[in-house]
Each structure stands twice: as C-alpha cells, then as structure tokens.
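See below for the structure under consideration.
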Amino acid sequence: MRLKRDGANQIERRLGRPLWRRFVDQFTDFMILVLLTAAIVSGIIGELLDAAAIILIVVLNAVIGFVQEYRAEKGLAALRALMTPVVQVRREGMVQKVPAENLVRGDVVLLAAGQRVTADMRLLKSVDLRIDESALTGESVPVTKQAEPLMETDLPVADRSNMVFSGTLVNNGNAEGVVVATGMDTELGRIAGLVDSGGVQKTPLQERLEFFGRRLALAVLAVCTLIFIVGLIRGESPLLMFLTAVSLAVAAVPEALPAVVTISLALGARRMVEHNALLRRLPAVETLGSVTYICSDKTGTLTQNRMSAESFFADGQLLSQLPDEADSVWQTFLQALTLNNDASLSDSSDPSGDPTEIAILEALRARDFVSSIPPDFSARKAEWPFDPVRKRMTTAHAQGESRITFTKGAPEVVIARCHNQLSAEGVRSIDAKALQDAAHSMAENGYRVLAYACRDWKKSPSSLSADDVESNLSFIGLVGLLDPPRPEAEAAIADCRDAGITPVMITGDHPVTALAIARRLGIATDEGSVLTGKKLERMSTAELQSAAAGVSIYARVTPEHKIRIVRALQDRGEYVAMTGDGVNDAPALSSADIGVAMGKKGTDVAREAADMVLLDDNFATIVRAVREGRRIYDNIRKFIKYTMTSNSGEIWVLFLAPFFGLPLPLLPIQILWINLVTDGLPGLALSTEKAEQGVMQRQPRPPEENIFAHGMWQHMIWVGLLIAALSLGAQAWAYGRGSENWQTVVFTVLTFSQLVHAMTVRSERFSVLSTGLTTNPALLGSVILTLGLQLAIVYVPFLQRVFHTSTLAQEELAVCLILPWVVLVAVEMEKWGMRRGWLYRSKEPLAAL
C-alpha cells in the first residue's frame, strides 16, 4: 500500500522520445527528405510505379533503423535494471534485503560503511557515522552525523546533522534511519526536477565514426554531384540523374554506423552479464581489448576466500590429507584437531566459527572422524581461550578419571613450551629445531601453520592459570592452512599471458603467502617479483615507475598504495584494469583505465566508481570479459569493413561507368534495393560472429589505434574497386552482345558480389574454409534470404516491373553466379598474405579518424 501511495523510489528520468517520434525521426535526414521529394515529383510527372517503389524502400530502411535504435535502447535499459542497488531494511522485526526502488516512507534502513544512501532518512541510531555529501552540498570533507534531535527548524541541508540524504555515501561507521522521503520527494529528487538531463553519452568509437561519417558524406556528395553533371552532359534525363545521385548518396553515406555500434556494445554488455561481468559504462566494452595489465586482489578473486587444511605433519610425516588409518600419534592428533575447535558444522545450515577452525573441521568430517569421538570425551571440562598475547588456546577433556589438555597456537610459541614429542614408539625427547624447520618449510609454501600439543593430568587442571596449564607439553603435530586458488584461476592467468596481458597480484597479506599463491597460479616464480607496501612508500614516483615493470606481487599494501601503482603503470604507457571492493579503493578504481569492483563483497562506493562489476568476484571473469570485449570490437570492425566496402563498390560502379563509355549501370530503385538487402541483414548478422581463432593469443590493441588499421581502409578501396570491375565487366559483356538484360546483369553481379564478400569478412586473417560456412547461422540465413529475394525481383514479373529488371538467360545467370566468387578468391589471397606477414605491416595512415 505504501509503495502504491509513494511510488517507486526512483529519480524520474527525462521522458524519452515516444515510439512514433523515433520512427518519424528516421525520415529527418536531409538526403532522405531530398530523395522523398524527388520521388514525389517523379510520381507527379507520371512515374508512379518508380515513385511508389522508392518510397516503399525508404520506409523499409526507416523500419530497420527504428528497430536498431529500439534494440539499442532496450539493451541499455536492461543494463540499467541490473544495476539497481539492494538495501537492508527492518520490516516486521526482521532484517531483509529489498531493491532500493521498493523503499517507502516508514522503512527502517540499516546503513554501513561503503554504502550509498538511497532515500532521505531521519537517523534513529548512529555509531561514528560520517557521510560524504559532496554530491549534494559540494562539501568535500565527510560530515559527522548523529541521531539526537535538533532544536532549530528550517536548517539548510548541510546543517541537518541527524539526517542522511539520497545520493550521499557512508564514509565511515554504521547507523539505522527511518525513511522520510523517496524518489522525487528527496532533496536529490528536488534538484533533479530542476535539471534537464542530457542524452546518452557517446562512446569514443561512436564519436570517431560520426566524425568519419561527416567527412565521408562530403566526399560522397562531391562524387554524386560529379555523376549528376556527367549524366546531364551525356544526355540523360535530369530527373533520372538527380534521383540516381541522391539514391547513391543515401546508400553510400553510413549514417547507421554509430547506431550499429551502440547495438553491438549494448548486446555485448548484456552477453557479458551471462558470464558474471556487469559493464556499468558502455565505453568499457570497446576498451577492454586494450588492457595490458590486470591488477587483482588476491583474497576471493584469485583465491576461494575460504580456508582449507591442506598439509598435516606428525611423527616426521608430512601428508596432504589426514590418513585413513591412524596410529597412536595420528589418532591423538585427530582428537586434538577435533576437540580444540570452536567451529560447528551442520548439513542444514552454513558453518559457523572462525574460518581456520571451520577448515580443520571440514577436513575431519571428510575423514568421518568427528562422529567417532565418545560424547564424554568430547565434552569440555575447562578451557583457556585464545589470547593474542599468549597466541595459544587450550581445552581440557575427561579420560576416565584423568584429564587431558590440548593446546594449539603459533608454532614458535607452542614448540617452545614442549619438553617432549609423541612418536609411534611413544614419548621421546623433543627435537625443537627439526620441528621449527618443518613449520618454517610449511610457511614458506604459503601455509598458515598451527602447532598442536597435549598434556595428561591425574586431576582437573581447571583451577590453574593458562601459563601453568600450557607448560611441559608433548608436541603432537602441525597443520597448514591456505586460502586455495580458484580452480579456474590458473588457466585464466595462462590466458592473460598468451593475450599479452600481465597479471599482477595485490594483497594485504604476508609476502611469503602471496608468493606461494602466485607460484601456484603462475603469476610469479621468485622473490624478486615481490614489492612490499613498506618499500613502496619509500620509493619516489620515478623509482616506482621503473620498478613496476618487474613486479608481479604487491604485498602488505593498502588501498592508498593502489593509486600509486595504477599511475606508475600508466606512466609507463600501460592500460590498467584494477580490482577493488572497499571505500578506500574507489580512487584507484576511478584512476584505472578499467575499474573492476566486486559484486558480492564490494561496497556501493566501489561499484559506483568502477567501470565493471564482477558478479562472482572471480578473476577468470575479468579474462572472459576481455575476450568478449575483443570479440565485440572485432565484429564492429567486420561490420564497418563490409558496409564501407559495399558502399565503395556502388560508388565506383556509377562513377567509372561513363569513363568506359557504358550507359548508366543502375537505376535509383536498384541502388536503394542493394542498400536495403545487402547492408541490412548480412551486415547486422556479422555482429553475432563468434570470437576469432586465437583472439586471446594476440597482443592488446593500443587505445589510440585507428579502427581502420591493419589494412582495413586499403581493403575497402581495393575490394570495392574489384567489385566494381566485376560488375562493369559483366555490364560491358552483356551490353556488347546487344543483350537487353545488361542492366539486370550488372545489378545482380553487384548484389551477389557483396553477399560473397559478407561470407569472406567473417575473419580478418583466417580462411573461410577454416572458419566454416555454417558456424554463423544468422549470416548464412541472411545471405540465402537475400539471394532468394534478388532472384525473385529478376524472375517474378510483377517485381520486374517495379525494379526494372528482366529475365536473365542461362548464360547470363551463370555469369552472375560465377563472377562474384572472384571476390572470395581475392580476399582469401589477401588473408594468406596477412598470415605470412607480407601485407599491412607498416604504420597505418588515417590516424586522425
């Protein structure tokens, strides 16, 4: 009821254009309006069929453009929906999580450091609460808040110390507050109501393509004007030449490129969500392929964020798991591990207790030992809890009339208090050095090591002090615990190496532990690749920049150190992805080229500062996102290459025909048809192409690299010329034979050549035979459909009248079907030359585009 009364807790966005307006806007382009006007004039003077056909194709083009824009907008809306924050509220006495947009007045919200305040609230409780209100008031210093009433009324926002406001950030402390305003009724909503928000920010690639499109439009208009003038000189109808020139301009200017880029990026970002990577900023999709360094937190990202008991030492034996059959020493060790443990495991609920003790208990349960201890023995008769000064914990248990105590703690402390050790032959004198060496060896392998000892008592020691109880002990064994690497992390690290990306571990953990995990994962092999926070602080900026090239592990570092690490790498020309989860990580995430926040353990502040959120907090997800980013960028390049080459071919055909003494090759309706069927369906299908072979075995793309690099602009020119040569050659052949079908021949060869080209550009370097003809069903289907439509307008009588075609003779159809395969052979030869390094090795021009 309250939600219905108050409405959703959302800042109202500026209403977008209604659907009808979006459709109408497809006709507002100047060249489209000119073409429609010319078509109407054509109808008035008697060419009704031509006029109707041109208008119909323009409308179909508008429908395709409308659908593209609608899909892009829906994709972006779906991404925004995934970013809805979740808050903790107390309802009906129970704490529950709800979407922030469902908050209503009267809800009691729990706030903690790192969270964003999602509604205006009156504080009920406050513990050391400081709020960053800079987004609302401009105050750069966090403001201290308290829950006491204020005597004054009508205070400005900045002085309302018992209130927190929507859009601000919890910098420190925790609190509870009751919601007093939501949505547009909040202070933030009041300000938003005064502001007319701008449109969607364009990505750098879109801006470059728009700039390129404007320059290309000028060139195309110049060529079309020349074609118009030459046609008039040759005695062609002024109206026909005008329609031809305008139709060619409409077909050749790639006004849809920025929209297609938006679709590709938005759909790619949605696909990344399936791989647990949420892109908060669309430009990050296109820039992922440029990442050269991934600086990742260790705990929970490279590791599983849970302790695991993986090493056990007793009676001179070092085992990776507890033995199935235990002699007297191992039996005592198992008892000590079980009884000196405060954790609890249950099949019906999550384990509770210290992570170290949970790990030990899980190892015991895997061996089914816990349930084998008699209840009388397992019951504690006394205990001396862990103390950070003593670094030990002891429990006492009954053995008939006697007692036994089990002590665990830091190896150096426990071993020092032992006067003998247990062995299969019984109790023997202690070899303290050998035990310390064993503990040190385990620690060097990255384990957190605990030592266990015991002591027998004839009567209860419960009245004795911890110091007395924990003396004259008998050493039992050592256990090594580790936060194990994620199973998929090692392969992800190897993928990084293959892709020219340097993985770097950043942790607050001990250097020895960090190095042990790094060795397992393949991040580093020696101590020379480790840099501690203490050493980092003593380094100058220049020294850190120089050292960063050889560092794979940053240990004992703080969030503040991360900013220096990012900037040092960037100063070296690297493109850096940095992970983080805390409030203090936000500056480093903002400074990184790609900020990556944790979705599970991350704070709202970190997530909002990041470009990408890992929904599973997994390093491998970053690598998958890089792979997906490279695929998306490659497919955008393929679409541009295909579209621009097709347009190039059409321009060359019409521009060069007069120089060879050939009549006007194409009519306006035919030009628009080619633009509709070849640029539309096959072009969009290229955006669904799978990743290229070896996409993760190539070096990262330089961020400043021109999208037309690696021979793309050369390809657009020479393949366009080749398609024009084939088309004009077919026209000359048919025209020279006196065939009345010569215009249908050139029309069909041009269309089929573009379809063959669509199949060949699916890979920039690899043969279509190795890529496979059926591995992109969408493209194959669109090519077959377009082929069928083209044959229909050639052979169906009604369509012949609309498109001014005629039935092709068998030999003419054979020429139309055979000649386009020259394009495939030529492009395959280009790829062959690229694979051998013969083509496109020099510095690319057009760098300004």
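As shown in the structure tokens, the chain order sets the letters A, B, ...; within each chain, residues go from 1, and ligands are also counted from 1 in the order they appear.
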Using only C-alpha atoms, which protein or nucleic acid residues come within 6 Å of stretch 421-427 of chain A? Drop anything in the same chain fewer than 5 positions from it, and give the result as an MDAnalysis selection string. chainID A and resid 315 329 474:476
Can you list, as an MDAnalysis selection string, every residue of stretch 487-635 of chain A that DSSP puts in strand (DSSP E or B)? chainID A and resid 502:506 530:532 553:555 576:580 594:598 612:614
Which polymer residues have any atom within 12 Å of an atom of A:Tyr642, counting only C-alpha atoms, with same-chain residues fewer than 5 positions away left out, as a ChimeraX atom specification? /A:254,257,635-637,647-649,678-687,712-713,715-717,719-720,753-764
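The nearest approach to A:Ala382 among the residues A:Arg765, A:Arg428, A:His561, A:Arg403, with only C-alpha atoms taken into account, belongs to A:Arg403.
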Please provide as a PyMOL selection string all residues within 9 Å of A:Glu148, with the sequence filter that same-chain residues fewer than 5 positions apart are discarded (counting only C-alpha atoms). chain A and resi 123-125+161-162
Write out, as a compact mmCIF listing (two decimals), in the first residue's frame, the residues just selected, with all heavy atoms.
```
# COMPACT_ATOMS: atom_id res chain seq x y z
N LEU A 123 17.86 9.80 11.25
CA LEU A 123 18.65 8.80 11.96
C LEU A 123 18.01 8.41 13.28
O LEU A 123 17.55 9.28 14.04
CB LEU A 123 20.07 9.31 12.19
CG LEU A 123 20.93 9.49 10.94
CD1 LEU A 123 22.27 10.11 11.29
CD2 LEU A 123 21.13 8.16 10.22
N LEU A 124 17.97 7.11 13.56
CA LEU A 124 17.50 6.59 14.84
C LEU A 124 18.67 6.18 15.73
O LEU A 124 18.62 6.35 16.95
CB LEU A 124 16.59 5.38 14.62
CG LEU A 124 15.37 5.61 13.71
CD1 LEU A 124 14.63 4.29 13.49
CD2 LEU A 124 14.45 6.64 14.34
N LYS A 125 19.70 5.61 15.10
CA LYS A 125 20.92 5.23 15.81
C LYS A 125 22.10 5.62 14.92
O LYS A 125 22.00 5.59 13.70
CB LYS A 125 20.97 3.71 16.07
CG LYS A 125 19.86 3.18 16.96
CD LYS A 125 19.99 1.67 17.10
CE LYS A 125 18.86 1.09 17.95
NZ LYS A 125 18.97 -0.40 18.04
N SER A 161 22.24 17.58 10.86
CA SER A 161 23.20 16.54 11.27
C SER A 161 22.54 15.23 11.66
O SER A 161 23.22 14.22 11.80
CB SER A 161 24.06 17.05 12.43
OG SER A 161 23.24 17.37 13.54
N ASN A 162 21.21 15.22 11.88
CA ASN A 162 20.53 13.97 12.21
C ASN A 162 19.79 13.39 11.01
O ASN A 162 18.92 12.54 11.17
CB ASN A 162 19.57 14.16 13.38
CG ASN A 162 18.50 15.19 13.08
OD1 ASN A 162 18.48 15.80 12.01
ND2 ASN A 162 17.60 15.40 14.03
```
Of the listed residues A:Ala62, A:Leu450, A:Val815, A:Ala625, that which approaches A:Thr28 most closely, counting only C-alpha atoms: A:Ala62
Residues of stretch 101-250 of chain A in helix (DSSP H, G or I) according to DSSP, as a ChimeraX atom specification? /A:101-102,134-137,157-159,183-185,187-194,204-233,238-250
Would you kindly return, as number ranges by chain, each protein, DNA or RNA residue with an atom no farther than 7 Å from any atom of stretch 480-483 of chain A, considering only C-alpha atoms and excluding same-chain residues fewer than 6 positions away? A: 303-312, 442, 446-450
From A:Phe23, A:Gly477, A:Arg380, A:Leu322, residue lying nearest A:Glu362 [only C-alpha atoms]: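 Ranked by minimum distance to A:Glu362, first place goes to A:Leu322.
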For A:Asp342, please output as a list in words all residues within 8 Å (counting only C-alpha atoms; exclusion window: fewer than 3 positions along the same chain).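 Counting only C-alpha atoms, the residues come to Gly353, Asp354 and Glu357 of chain A.
The nearest approach to A:Gly599 among the residues A:Val24, A:Ala336, A:Leu265, A:Leu614, with only C-alpha atoms taken into account, belongs to A:Leu614.
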Option closest in space to A:Phe752, from A:Glu537, A:Val794, A:Ile818, A:Glu92 [counting only C-alpha atoms]: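 Smallest separation from A:Phe752 among the options: A:Ile818.
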To one decimal place, how far is atom CA of A:Arg90 from atom CA of A:Pro142 in Å?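 Interatomic distance, atom CA of A:Arg90 to atom CA of A:Pro142: 26.3 Å.
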Need the shell around A:Cys816: protein/DNA/RNA residues with any atom at most 8 Å away, counting only C-alpha atoms. Skip same-chain ones fewer than 2 positions apart. Format as a PDB file with C-alpha atoms, in the first residue's frame?
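Below is the file result-v1.pdb, written as the result:
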```
ATOM      1  CA  ALA A 730      29.668  -8.055 -66.735  1.00  0.00           C
ATOM      2  CA  VAL A 745      23.279  -8.347 -65.177  1.00  0.00           C
ATOM      3  CA  THR A 748      22.758  -8.904 -59.978  1.00  0.00           C
ATOM      4  CA  VAL A 749      26.562  -9.231 -60.118  1.00  0.00           C
ATOM      5  CA  PHE A 752      25.874 -11.239 -55.342  1.00  0.00           C
ATOM      6  CA  GLU A 812      23.786 -14.534 -68.165  1.00  0.00           C
ATOM      7  CA  LEU A 813      22.679 -16.098 -64.893  1.00  0.00           C
ATOM      8  CA  ALA A 814      25.781 -18.306 -64.956  1.00  0.00           C
ATOM      9  CA  ILE A 818      30.307 -17.283 -61.131  1.00  0.00           C
ATOM     10  CA  LEU A 819      31.913 -13.830 -61.262  1.00  0.00           C
ATOM     11  CA  PRO A 820      31.256 -12.915 -57.564  1.00  0.00           C
TER      12      PRO A 820
END
```
